[in-house]
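To start, the structure itself, in structure tokens.
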Amino acid sequence: MALAENLVAAANAVAYVKGLGIRACNKVSDRLAAEGGIERAIGTDLGMRTGDLGVAGAGVGVTRGVAFGNLRPKVAHSIAVGYGNCQEQAEIALLHIFDAGIHPVDLVYFSNPGYDHAWVVIGLDPGAQSDNLRSWGPHAVWCDPWQGDGIAVSIDDIVKGKVRNMSAIYKCDSLERIEAGLPASMLHIA
């Protein structure tokens with residue numbers, strides 16, 4: 001696929017996931033919304049808790065392991081309960097992209113001290129090196145429905161420093177910080 005097609009597919013996947021209204025238990029804003037707003041959360045320990053969404057959040061962010069064979073049931077669960085952190089939201093996006101016939105597509109994971117993250121890459125070059133985004137290929141696109149309003153950008157724009165909407169809080173704000181996390185494919189669909 002060409003870069004322009006991959007960017008459109010990524011933007012469509014982000015819009016699809018955002019349109020589902022999926023909340024993340026590791027985002028304060030989503031936990032406040034689940035509680036019924038800031039007024040209902042005042043005087044509680046909501047801002048200090050992580051991962052506590054009761055029954056609706058059960059199973060969210062429990063594992064980083066994923067296989068294509070169990071992807072559809074995992075995605076169906078996340079959609080049904082309306083909750084999912086970065087990996088669950090990336091899995092929903094990946095399946096949406098796959099079902100649209102876009103290949104290759106990868107579920108990518110990285111880890112920095114005190115933080116980890118998962119997202120989708122469309123068009124990842126087969127010879128890509130974890131610590132060298134320049135090797136990811138000219139058609140590679142970062143698709144990340146979890147970050148803010150969602151991210152759909154070319155890897156080349158990240159390499160060239162053109163992207164300014166990646167999150168510094170989540171250590172995705174520079175090429176160096178992303179590469180330091182040694183991003184690797186957890187699931188590759190050719």
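All residue names refer to the structure tokens as shown: chains lettered A, B, ... in order, residues numbered from 1 in each chain, ligands numbered from 1 in order.
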
Quick one: residues within 10 Å of Trp136 (chain A), only C-alpha atoms counted, chain neighbours fewer than 6 positions away excluded, as a list of chain:residue names?
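Residues near the query, excluding close chain neighbours: A:Val121, A:Gly123, A:Leu124, A:Asp125, A:Pro126, A:Gly127, A:Ala128, A:Gln129, A:Ser130, A:Ile155, A:Asp156.
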
Taking the chain letters and numbering used in this document, name the residues of region 48-181 of chain A that DSSP puts in strand (DSSP E), as a list of chain:residue names.
A:Val105, A:Asp106, A:Leu107, A:Val108, A:Tyr109, A:Phe110, A:Ser111, A:Asn112, A:Tyr115, A:Asp116, A:His117, A:Ala118, A:Trp119, A:Val120, A:Val121, A:Ile122, A:Val141, A:Trp142, A:Cys143, A:Asp144, A:Ile151, A:Ala152, A:Val153, A:Ser154

Close residues, Ala76 (chain A) itself excluded, 12 Å, only C-alpha atoms, min 6 positions apart in chain, as a VMD selection string:
chain A and resid 20 22 70 82 to 84 88 to 89 91 to 92 95 to 96

Take CA of His188 (chain A) and CA of Val105 (chain A) and report the distance between them in Å, one decimal.
6.1 Å

As an exercise, work out the distance from CA of Ile178 (chain A) to CA of His139 (chain A) in Å and give it to one decimal place.
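About the pair CA of Ile178 (chain A) and CA of His139 (chain A): they are 18.2 Å apart.
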
Rounded to one decimal in Å, what is the spacing between CA of Ser167 (chain A) and CA of Pro183 (chain A)?
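Atom-to-atom, CA of Ser167 (chain A) and CA of Pro183 (chain A) are spaced 15.9 Å apart.
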
In terms of the shortest atom-to-atom distance over only C-alpha atoms, which of A:Met186, A:Val81, A:Ala93, A:Ala67 is closest to Trp142 (chain A)?
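Looking at the shortest contact to Trp142 (chain A), the residue is A:Ala93.
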
Tell me, as an MDAnalysis selection string, which residues lie within 10 Å of Cys172 (chain A), counting only C-alpha atoms; anything in the same chain fewer than 5 positions away does not count.
chainID A and resid 110 112 116:117 147 158 165:167 177:179 181

With only C-alpha atoms as the counted atoms, please give the residues lying no more than 10 Å from Ala90 (chain A), apart from itself and same-chain residues fewer than 6 positions off, as a short mmCIF file (atom, residue, chain, number, x, y, z; two decimals) with N, CA and C atoms, in the first residue's frame.
data_model
loop_
_atom_site.label_atom_id
_atom_site.label_comp_id
_atom_site.auth_asym_id
_atom_site.auth_seq_id
_atom_site.Cartn_x
_atom_site.Cartn_y
_atom_site.Cartn_z
N ALA A 13 -9.34 4.17 11.14
CA ALA A 13 -9.32 3.29 12.32
C ALA A 13 -9.41 4.09 13.61
N VAL A 14 -8.68 5.20 13.68
CA VAL A 14 -8.75 6.07 14.87
C VAL A 14 -10.18 6.58 15.04
N VAL A 17 -12.47 3.75 16.36
CA VAL A 17 -12.29 3.47 17.79
C VAL A 17 -12.85 4.61 18.63
N VAL A 75 -11.36 -8.20 21.16
CA VAL A 75 -11.91 -6.95 20.63
C VAL A 75 -13.40 -6.85 20.95
N GLY A 84 -10.91 0.04 27.39
CA GLY A 84 -9.68 -0.53 26.87
C GLY A 84 -8.57 0.48 26.93
N HIS A 96 -9.93 -3.55 12.69
CA HIS A 96 -10.65 -2.70 11.74
C HIS A 96 -9.85 -2.54 10.45
N ASP A 106 0.78 -4.25 11.94
CA ASP A 106 1.44 -4.79 13.13
C ASP A 106 0.90 -4.15 14.39
N LEU A 107 0.78 -4.94 15.44
CA LEU A 107 0.51 -4.44 16.78
C LEU A 107 1.88 -4.27 17.42
N VAL A 108 2.24 -3.04 17.73
CA VAL A 108 3.58 -2.71 18.20
C VAL A 108 3.53 -2.31 19.67
N HIS A 117 3.68 1.21 26.12
CA HIS A 117 2.63 1.66 25.21
C HIS A 117 2.48 0.68 24.06
N ALA A 118 1.28 0.58 23.53
CA ALA A 118 1.00 -0.26 22.35
C ALA A 118 0.24 0.58 21.33
N TRP A 119 0.51 0.34 20.06
CA TRP A 119 -0.17 1.03 18.97
C TRP A 119 -0.07 0.15 17.73
N VAL A 120 -0.59 0.63 16.62
CA VAL A 120 -0.58 -0.11 15.36
C VAL A 120 0.35 0.59 14.38
N VAL A 121 1.06 -0.20 13.58
CA VAL A 121 1.82 0.34 12.47
C VAL A 121 1.32 -0.33 11.20
N CYS A 143 -0.54 4.43 13.92
CA CYS A 143 -1.99 4.54 14.16
C CYS A 143 -2.23 4.27 15.64
N ASP A 144 -2.71 5.29 16.36
CA ASP A 144 -2.78 5.20 17.82
C ASP A 144 -4.06 5.87 18.33
N PRO A 145 -5.14 5.11 18.46
CA PRO A 145 -6.38 5.72 18.93
C PRO A 145 -6.36 6.11 20.41
N TRP A 146 -5.46 5.56 21.18
CA TRP A 146 -5.43 5.83 22.63
C TRP A 146 -4.92 7.23 22.94
#
